[in-house]
Every structure is written in C-alpha cells, then in structure tokens.
$ cat input_14.pdb   # PDB, C-alpha atoms
ATOM      1  CA  MET Z 115     -21.387  16.685  -7.443
ATOM      2  CA  ALA Z 116     -17.627  17.154  -7.689
ATOM      3  CA  SER Z 117     -15.075  14.819  -6.217
ATOM      4  CA  GLN Z 118     -11.598  14.917  -4.785
ATOM      5  CA  ILE Z 119      -9.728  11.633  -5.107
ATOM      6  CA  VAL Z 120      -6.790  11.144  -2.790
ATOM      7  CA  MET Z 121      -4.414   8.254  -3.454
ATOM      8  CA  ASP Z 122      -3.622   6.258  -0.356
ATOM      9  CA  ARG Z 123      -2.948   2.733   0.878
ATOM     10  CA  THR Z 124      -6.555   1.738   0.254
ATOM     11  CA  GLY Z 125      -6.192   2.685  -3.414
ATOM     12  CA  ASP Z 126      -7.900   6.023  -2.978
ATOM     13  CA  THR Z 127     -10.290   7.920  -0.755
ATOM     14  CA  ARG Z 128     -13.017   9.954  -2.427
ATOM     15  CA  HIS Z 129     -14.564  13.132  -1.059
ATOM     16  CA  THR Z 130     -17.594  14.411  -2.904
ATOM     17  CA  PHE Z 131     -19.063  17.861  -2.543
ATOM     18  CA  ASP Z 132     -21.879  19.917  -3.988
ATOM     19  CA  ILE Z 133     -20.393  22.814  -5.960
ATOM     20  CA  HIS Z 134     -23.502  24.873  -5.143
ATOM     21  CA  ASP Z 135     -23.111  24.409  -1.395
ATOM     22  CA  ARG Z 136     -20.819  27.127  -0.075
ATOM     23  CA  ALA Z 137     -19.877  25.287   3.129
ATOM     24  CA  GLU Z 138     -18.958  22.134   1.218
ATOM     25  CA  VAL Z 139     -16.921  24.086  -1.301
ATOM     26  CA  GLU Z 140     -15.024  25.818   1.509
ATOM     27  CA  LYS Z 141     -14.337  22.449   3.090
ATOM     28  CA  ALA Z 142     -13.089  21.109  -0.239
ATOM     29  CA  GLU Z 143     -10.866  24.148  -0.656
ATOM     30  CA  ARG Z 144      -9.398  23.611   2.829
ATOM     31  CA  ARG Z 145      -8.714  19.984   1.924
ATOM     32  CA  PHE Z 146      -7.031  21.117  -1.297
ATOM     33  CA  ARG Z 147      -4.760  23.497   0.617
ATOM     34  CA  GLU Z 148      -3.915  20.900   3.255
ATOM     35  CA  LEU Z 149      -3.045  18.223   0.722
ATOM     36  CA  THR Z 150      -1.000  20.413  -1.596
ATOM     37  CA  GLY Z 151       0.680  21.936   1.464
ATOM     38  CA  ALA Z 152       1.655  18.419   2.505
ATOM     39  CA  GLY Z 153       3.310  17.793  -0.857
ATOM     40  CA  PHE Z 154       0.475  16.228  -2.834
ATOM     41  CA  THR Z 155       0.123  17.134  -6.502
ATOM     42  CA  ALA Z 156      -3.371  18.002  -7.710
ATOM     43  CA  ALA Z 157      -4.423  17.173 -11.268
ATOM     44  CA  VAL Z 158      -7.627  17.491 -13.228
ATOM     45  CA  ARG Z 159      -8.592  15.787 -16.447
ATOM     46  CA  SER Z 160      -8.660  18.072 -19.452
ATOM     47  CA  GLY Z 161      -9.554  15.486 -22.094
ATOM     48  CA  PRO Z 162      -9.370  11.751 -22.772
ATOM     49  CA  GLY Z 163      -6.015  10.696 -21.363
ATOM     50  CA  GLU Z 164      -5.000  14.310 -20.844
ATOM     51  CA  GLN Z 165      -4.603  16.166 -17.616
ATOM     52  CA  ARG Z 166      -3.228  19.367 -16.169
ATOM     53  CA  VAL Z 167      -1.709  20.054 -12.792
ATOM     54  CA  ILE Z 168      -3.412  22.781 -10.795
ATOM     55  CA  ARG Z 169      -1.821  24.908  -8.097
ATOM     56  CA  ALA Z 170      -5.002  26.595  -6.892
ATOM     57  CA  PHE Z 171      -8.354  25.144  -5.936
ATOM     58  CA  ASP Z 172     -10.752  24.938  -8.855
ATOM     59  CA  PRO Z 173     -14.345  24.694  -7.576
ATOM     60  CA  THR Z 174     -15.619  23.920 -11.061
ATOM     61  CA  ALA Z 175     -13.399  20.876 -11.555
ATOM     62  CA  GLU Z 176     -15.544  17.788 -11.693
ATOM     63  CA  GLU Z 177     -12.759  15.530 -10.507
ATOM     64  CA  THR Z 178      -9.461  16.429  -8.850
ATOM     65  CA  LEU Z 179      -6.864  13.749  -8.243
ATOM     66  CA  PHE Z 180      -4.191  14.069  -5.573
ATOM     67  CA  TYR Z 181      -1.066  11.961  -5.509
ATOM     68  CA  PRO Z 182       1.715  12.064  -2.908
ATOM     69  CA  ARG Z 183       5.104  13.693  -3.381
ATOM     70  CA  LEU Z 184       7.351  11.824  -5.796
ATOM     71  CA  VAL Z 185      10.502  10.170  -4.545
ATOM     72  CA  GLY Z 186      13.265   8.221  -6.230
ATOM     73  CA  GLY Z 187      12.470   4.523  -6.127
TER      74      GLY Z 187
ATOM     75  CA  MET E 213      -1.014 -45.301  41.916
ATOM     76  CA  THR E 214      -3.881 -42.813  42.261
ATOM     77  CA  GLN E 215      -1.415 -39.958  41.906
ATOM     78  CA  GLN E 216      -0.093 -41.417  38.655
ATOM     79  CA  ILE E 217      -3.613 -41.696  37.255
ATOM     80  CA  VAL E 218      -4.418 -38.087  38.211
ATOM     81  CA  LEU E 219      -1.130 -36.955  36.675
ATOM     82  CA  ALA E 220      -1.869 -38.835  33.464
ATOM     83  CA  ILE E 221      -5.363 -37.344  33.237
ATOM     84  CA  CYS E 222      -4.001 -33.833  33.870
ATOM     85  CA  SER E 223      -1.316 -34.297  31.197
ATOM     86  CA  PHE E 224      -3.886 -35.513  28.714
ATOM     87  CA  ALA E 225      -6.189 -32.601  29.512
ATOM     88  CA  LEU E 226      -3.344 -30.096  29.097
ATOM     89  CA  ALA E 227      -2.285 -31.632  25.783
ATOM     90  CA  LEU E 228      -5.878 -31.513  24.565
ATOM     91  CA  LEU E 229      -6.227 -27.891  25.653
ATOM     92  CA  GLY E 230      -2.959 -26.990  23.925
ATOM     93  CA  THR E 231      -4.081 -28.645  20.704
ATOM     94  CA  LEU E 232      -7.390 -26.806  20.810
ATOM     95  CA  LEU E 233      -5.671 -23.468  21.413
ATOM     96  CA  LEU E 234      -3.228 -24.061  18.558
ATOM     97  CA  SER E 235      -6.084 -24.948  16.213
ATOM     98  CA  ALA E 236      -7.971 -21.803  17.178
ATOM     99  CA  LEU E 237      -4.843 -19.700  16.686
ATOM    100  CA  SER E 238      -4.203 -21.229  13.253
ATOM    101  CA  LEU E 239      -7.769 -20.482  12.260
ATOM    102  CA  VAL E 240      -7.439 -16.829  13.333
ATOM    103  CA  VAL E 241      -4.129 -16.426  11.477
ATOM    104  CA  ALA E 242      -5.529 -18.061   8.328
ATOM    105  CA  ARG E 243      -8.589 -15.833   8.420
ATOM    106  CA  SER E 244      -6.573 -12.650   8.943
ATOM    107  CA  GLY E 245      -4.258 -13.640   6.071
ATOM    108  CA  SER E 246      -7.242 -14.258   3.872
ATOM    109  CA  CYS E 247      -8.724 -10.867   4.831
ATOM    110  CA  ALA E 248      -5.413  -9.135   4.072
ATOM    111  CA  ARG E 249      -5.254 -10.796   0.658
ATOM    112  CA  ALA E 250      -8.855  -9.806  -0.100
ATOM    113  CA  PHE E 251      -8.141  -6.226   0.999
ATOM    114  CA  ARG E 252      -5.019  -6.049  -1.182
ATOM    115  CA  TYR E 253      -6.901  -7.459  -4.159
ATOM    116  CA  GLU E 254      -9.708  -4.935  -3.696
ATOM    117  CA  THR E 255      -7.203  -2.081  -3.366
ATOM    118  CA  GLU E 256      -5.361  -3.105  -6.517
ATOM    119  CA  ALA E 257      -8.588  -3.478  -8.464
ATOM    120  CA  ARG E 258      -9.771  -0.009  -7.398
ATOM    121  CA  ALA E 259      -6.445   1.570  -8.347
ATOM    122  CA  LEU E 260      -6.462  -0.123 -11.758
ATOM    123  CA  THR E 261      -9.994   1.119 -12.413
ATOM    124  CA  LEU E 262      -8.861   4.660 -11.614
ATOM    125  CA  LEU E 263      -5.781   4.297 -13.826
ATOM    126  CA  LYS E 264      -7.857   3.118 -16.800
ATOM    127  CA  GLU E 265     -10.227   6.056 -16.357
ATOM    128  CA  TRP E 266      -7.295   8.451 -16.739
ATOM    129  CA  LEU E 267      -5.547   6.699 -19.635
ATOM    130  CA  SER E 268      -6.225   7.706 -23.219
ATOM    131  CA  PRO E 269      -8.090   5.085 -25.286
ATOM    132  CA  LYS E 270      -4.808   4.155 -26.995
ATOM    133  CA  GLN E 271      -2.922   3.854 -23.712
ATOM    134  CA  ARG E 272      -5.735   1.826 -22.180
ATOM    135  CA  ALA E 273      -5.857  -0.590 -25.102
ATOM    136  CA  CYS E 274      -2.096  -1.015 -24.966
ATOM    137  CA  TYR E 275      -2.108  -1.572 -21.208
ATOM    138  CA  GLU E 276      -4.892  -4.136 -21.392
ATOM    139  CA  ARG E 277      -3.029  -6.071 -24.056
ATOM    140  CA  PHE E 278       0.604  -5.775 -22.961
ATOM    141  CA  ARG E 279       0.483  -4.512 -19.350
ATOM    142  CA  TYR E 280       2.362  -1.358 -20.353
ATOM    143  CA  PHE E 281       1.550   1.954 -22.003
ATOM    144  CA  ASP E 282       3.601   4.777 -23.515
ATOM    145  CA  VAL E 283       3.671   8.419 -22.520
ATOM    146  CA  VAL E 284       5.420  11.435 -24.028
ATOM    147  CA  GLY E 285       7.473  13.647 -21.741
ATOM    148  CA  SER E 286       6.097  17.176 -21.446
ATOM    149  CA  ASP E 287       9.464  18.922 -21.689
ATOM    150  CA  THR E 288      11.559  16.934 -24.154
ATOM    151  CA  GLY E 289       9.031  14.918 -26.139
ATOM    152  CA  THR E 290      10.873  11.758 -25.127
ATOM    153  CA  ARG E 291       8.813   8.585 -25.147
ATOM    154  CA  TYR E 292       8.611   6.502 -21.977
ATOM    155  CA  ARG E 293       7.090   3.084 -21.489
ATOM    156  CA  ILE E 294       5.405   2.552 -18.134
ATOM    157  CA  HIS E 295       5.168  -1.132 -17.278
ATOM    158  CA  HIS E 296       2.810  -2.588 -14.723
ATOM    159  CA  GLY E 297       4.675  -2.438 -11.435
ATOM    160  CA  THR E 298       5.913  -0.225  -8.669
ATOM    161  CA  GLN E 299       9.703  -0.238  -9.029
ATOM    162  CA  THR E 300      12.070   0.596 -11.891
ATOM    163  CA  ASN E 301       9.100   0.106 -14.201
ATOM    164  CA  ILE E 302       9.735   3.015 -16.581
ATOM    165  CA  GLU E 303      11.770   2.604 -19.739
ATOM    166  CA  GLU E 304      13.043   5.575 -21.691
ATOM    167  CA  LEU E 305      12.773   4.747 -25.383
ATOM    168  CA  GLY E 306      14.973   5.952 -28.192
ATOM    169  CA  ILE E 307      13.660   7.108 -31.559
ATOM    170  CA  THR E 308      13.728   3.550 -32.892
ATOM    171  CA  GLY E 309      11.870   2.243 -29.858
ATOM    172  CA  HIS E 310      14.879   0.637 -28.194
ATOM    173  CA  GLN E 311      15.473   0.988 -24.474
ATOM    174  CA  VAL E 312      17.836   3.818 -23.573
ATOM    175  CA  CYS E 313      17.647   3.417 -19.810
ATOM    176  CA  LYS E 314      15.256   2.811 -16.940
ATOM    177  CA  TRP E 315      13.862   5.316 -14.499
ATOM    178  CA  CYS E 316      12.480   4.816 -11.047
ATOM    179  CA  PHE E 317      10.357   7.308  -9.167
ATOM    180  CA  VAL E 318       7.200   6.638  -7.220
ATOM    181  CA  PRO E 319       4.674   8.564  -5.168
ATOM    182  CA  ASP E 320       5.620   8.460  -1.494
ATOM    183  CA  GLY E 321       3.812   5.856   0.595
ATOM    184  CA  ASP E 322       2.994   2.235   0.094
ATOM    185  CA  LEU E 323       0.759   2.576  -2.955
ATOM    186  CA  VAL E 324      -0.334  -0.219  -5.273
ATOM    187  CA  ALA E 325       0.700  -0.528  -8.917
ATOM    188  CA  GLY E 326      -2.327   1.210 -10.456
ATOM    189  CA  ASP E 327      -1.816   4.325  -8.357
ATOM    190  CA  VAL E 328       1.945   4.337  -8.909
ATOM    191  CA  MET E 329       1.577   4.067 -12.693
ATOM    192  CA  LEU E 330      -1.054   6.829 -12.779
ATOM    193  CA  ALA E 331       1.142   9.202 -10.767
ATOM    194  CA  GLN E 332       4.084   8.381 -13.077
ATOM    195  CA  LYS E 333       1.975   9.071 -16.178
ATOM    196  CA  ILE E 334       0.711  12.429 -14.899
ATOM    197  CA  ALA E 335       4.161  13.460 -13.714
ATOM    198  CA  LEU E 336       5.885  12.635 -17.020
ATOM    199  CA  GLU E 337       3.138  14.196 -19.126
ATOM    200  CA  THR E 338       2.922  17.420 -17.114
ATOM    201  CA  ASN E 339       6.278  17.905 -15.396
ATOM    202  CA  GLU E 340       8.825  15.593 -16.963
ATOM    203  CA  ARG E 341      11.904  17.419 -15.682
ATOM    204  CA  GLY E 342      10.544  17.665 -12.151
ATOM    205  CA  ALA E 343       9.760  13.960 -12.099
ATOM    206  CA  LEU E 344      13.141  12.913 -13.455
ATOM    207  CA  SER E 345      14.960  15.231 -11.064
ATOM    208  CA  VAL E 346      13.987  12.964  -8.165
ATOM    209  CA  ALA E 347      14.214   9.713 -10.124
ATOM    210  CA  HIS E 348      16.922   7.081 -10.098
ATOM    211  CA  ARG E 349      18.328   6.185 -13.493
ATOM    212  CA  SER E 350      19.574   2.750 -14.364
ATOM    213  CA  PHE E 351      21.374   1.462 -17.430
ATOM    214  CA  VAL E 352      21.429  -2.148 -16.338
ATOM    215  CA  SER E 353      19.177  -4.518 -18.221
ATOM    216  CA  SER E 354      17.611  -7.076 -15.927
ATOM    217  CA  GLY E 355      16.536  -9.443 -18.694
ATOM    218  CA  PRO E 356      12.909 -10.396 -19.170
ATOM    219  CA  ARG E 357      10.607  -8.195 -17.097
ATOM    220  CA  ARG E 358       8.817  -9.782 -14.174
ATOM    221  CA  PHE E 359       6.667  -7.243 -12.383
TER     222      PHE E 359
END
$ encode --input "input_14.pdb" --output "structure tokens"
Amino acid sequence: MASQIVMDRTGDTRHTFDIHDRAEVEKAERRFRELTGAGFTAAVRSGPGEQRVIRAFDPTAEETLFYPRLVGG
Amino acid sequence: MTQQIVLAICSFALALLGTLLLSALSLVVARSGSCARAFRYETEARALTLLKEWLSPKQRACYERFRYFDVVGSDTGTRYRIHHGTQTNIEELGITGHQVCKWCFVPDGDLVAGDVMLAQKIALETNERGALSVAHRSFVSSGPRRF
C-alpha cells in the first residue's frame, strides 16, 4: 500500500491506495493534481532525512507528503 | 401577605434555576475546552511523529536533545537552524556557527509546529531560493528563545 499524507489542521490526513489497483491509482493521481494545482508541494523520501520534490504523480512512491504553499511569516 | 410569600418562592425558584443553568453552562464550557486541548495535543503529537520520521538520524537526535536541528540550503550550502516553533524560528548561521539573521516562512494555514518545521526543512533542502523568496528576514535578536 502507498500513502499520500496531506498536512492540515489535524496534523495530517492520510490516504492509502493499492498501487496494483488501477482505480485507486487513478484516484490518487487526481488527488495529486488537485493538491499541487492548489499550491501544495509534493515530496517523497529518497533516503534517511533526504527528500526530493516531485512535480508529477509517481505511482511507485511509497509515501508522498504534501504541504501547503509557503508564505512569509 | 400571601402575595409576598408567592413572590418570595418564585424569586427563590428563579435564582435556583439560574444557578443550575450557570453550573450546566460552566460544565459544558469546561468540557469543550478540555476536548480542544486534547485535540491540539493529539495534533501536535502526530505532527512531531511525522517530522521525526522525515529527519535524518543526526537531525532527529539533535532535535530530541535541543529542540532544534540544522539543515543545509540546497542552493547556497548555507546552514540554517530550525527551532521548535511556528514563527521566526529559523536562524541562518555563519561559518563559525554564529547567527547571521532570522528567517520566517511557514506553510499556509494554521498548522502545528511539527508540520511547520517539516515543511521548512524540505523547502530549504530542496528549494532554498524559492523558500527564502517568500520569507521575511529579521536582524533583530530577541534574546533567549521562547517558542
């Protein structure tokens, strides 16, 4: 199972999907497009403490984290 | 005389009713406050768990000991210290480790410290210039940190 973690006021909301289930993958891809379209940044872990930002949906990513657009504090 | 007695009884009954209503209201407010605190605590704990999962072993050890961790900017190699907190919690460090200035940028929305620090780490380590382009810079030292 893969998961998409979306930061929000509850800490985060997790959406899991089976990478072998086409319908679930399509749903996850739609969610990816909606979130990144709304200004969220998507990142995947590439090693201990390391990560890379992705611009396109990666169905093989075990865990994708989304955080909202950055603003000056 | 009878009227006065009835009036007194009615006044007493109203006062009693008012007291009961106030007590009930206080109880509801106290319970909702307690629920809100529990929710906030749970949210913060979940965000901190997520943060620690994404930190390197060195960063995690540092955070657990000092409530801050260091990151290296992806574009300039500059070292930043991210303190526990949600506002003006990033220090830019010079080559000797002294504070050069403070930066403040956060993910939009009312997020808790763990989430804010994780977004700051990822942003600085993957897109330092982009992150700092929206950030506020401060050169004022506010004395001992109290996040």
$ closest_atom_pairs --input "input_14.pdb" --of "chain Z" --to "chain E" --cutoff "8 Å" --atoms "all atoms listed in the file" --output "tab-separated table"
residue	atom	partner	partner_atom	distance
Z:Met121	CA	E:Asp327	CA	6.8
Z:Asp122	CA	E:Leu323	CA	6.3
Z:Arg123	CA	E:Leu323	CA	5.3
Z:Thr124	CA	E:Thr255	CA	5.3
Z:Gly125	CA	E:Thr255	CA	4.9
Z:Asp126	CA	E:Ala259	CA	7.1
Z:Ala157	CA	E:Ile334	CA	7.9
Z:Arg159	CA	E:Trp266	CA	7.5
Z:Pro162	CA	E:Ser268	CA	5.1
Z:Gly163	CA	E:Ser268	CA	3.5
Z:Glu164	CA	E:Ser268	CA	7.1
Z:Gln165	CA	E:Ile334	CA	7.0
Z:Arg166	CA	E:Thr338	CA	6.5
Z:Val167	CA	E:Thr338	CA	6.9
Z:Tyr181	CA	E:Ala331	CA	6.3
Z:Pro182	CA	E:Pro319	CA	5.1
Z:Arg183	CA	E:Pro319	CA	5.4
Z:Leu184	CA	E:Pro319	CA	4.3
Z:Val185	CA	E:Phe317	CA	5.4
Z:Gly186	CA	E:Phe317	CA	4.2
Z:Gly187	CA	E:Phe317	CA	4.6
$ residues_near_point --input "input_14.pdb" --point "(19.9, 3.1, -17.1)" --cutoff "6 Å" --atoms "only C-alpha atoms" --output "number ranges by chain"
E: 313-314, 349-352
$ resolve_selection --input "input_14.pdb" --expression "the PyMOL selection byres ((chain Z and resi 175-180) around 7)" --output "list in words"
Ala116, Ser117, Gln118, Ile119, Val120, Met121, Phe154, Thr155, Ala156, Ala157, Val158, Asp172, Pro173, Thr174, Tyr181 and Pro182 of chain Z
$ write_last_selection --input "input_14.pdb" --atoms "C-alpha atoms" --output "PDB file, in the frame of the given file"
ATOM      1  CA  ALA Z 116     -17.627  17.154  -7.689  1.00  0.00           C
ATOM      2  CA  SER Z 117     -15.075  14.819  -6.217  1.00  0.00           C
ATOM      3  CA  GLN Z 118     -11.598  14.917  -4.785  1.00  0.00           C
ATOM      4  CA  ILE Z 119      -9.728  11.633  -5.107  1.00  0.00           C
ATOM      5  CA  VAL Z 120      -6.790  11.144  -2.790  1.00  0.00           C
ATOM      6  CA  MET Z 121      -4.414   8.254  -3.454  1.00  0.00           C
ATOM      7  CA  PHE Z 154       0.475  16.228  -2.834  1.00  0.00           C
ATOM      8  CA  THR Z 155       0.123  17.134  -6.502  1.00  0.00           C
ATOM      9  CA  ALA Z 156      -3.371  18.002  -7.710  1.00  0.00           C
ATOM     10  CA  ALA Z 157      -4.423  17.173 -11.268  1.00  0.00           C
ATOM     11  CA  VAL Z 158      -7.627  17.491 -13.228  1.00  0.00           C
ATOM     12  CA  ASP Z 172     -10.752  24.938  -8.855  1.00  0.00           C
ATOM     13  CA  PRO Z 173     -14.345  24.694  -7.576  1.00  0.00           C
ATOM     14  CA  THR Z 174     -15.619  23.920 -11.061  1.00  0.00           C
ATOM     15  CA  TYR Z 181      -1.066  11.961  -5.509  1.00  0.00           C
ATOM     16  CA  PRO Z 182       1.715  12.064  -2.908  1.00  0.00           C
TER      17      PRO Z 182
END
$ residues_around --input "input_14.pdb" --residues "Val283 (chain E)" --least-positions-apart "5" --cutoff "8 Å" --atoms "only C-alpha atoms" --output "list in words"
Arg291, Tyr292, Arg293, Ile294, Lys333, Leu336 and Glu337 of chain E
$ write_last_selection --input "input_14.pdb" --atoms "C-alpha atoms" --output "short mmCIF file (atom, residue, chain, number, x, y, z; two decimals), keeping the file's coordinate frame"
data_model
loop_
_atom_site.label_atom_id
_atom_site.label_comp_id
_atom_site.auth_asym_id
_atom_site.auth_seq_id
_atom_site.Cartn_x
_atom_site.Cartn_y
_atom_site.Cartn_z
CA ARG E 291 8.81 8.59 -25.15
CA TYR E 292 8.61 6.50 -21.98
CA ARG E 293 7.09 3.08 -21.49
CA ILE E 294 5.40 2.55 -18.13
CA LYS E 333 1.98 9.07 -16.18
CA LEU E 336 5.88 12.64 -17.02
CA GLU E 337 3.14 14.20 -19.13
#
$ resolve_selection --input "input_14.pdb" --expression "the PyMOL selection byres ((chain Z and resi 170) around 9)" --output "list in words"
Glu143, Phe146, Arg147, Ala156, Ile168, Arg169, Phe171 and Asp172 of chain Z
$ resolve_selection --input "input_14.pdb" --expression "the PyMOL selection byres ((chain E and resi 279) around 10)" --output "JSON, numbers by chain"
{"E": [272, 273, 274, 275, 276, 277, 278, 280, 281, 294, 295, 296, 297, 359]}
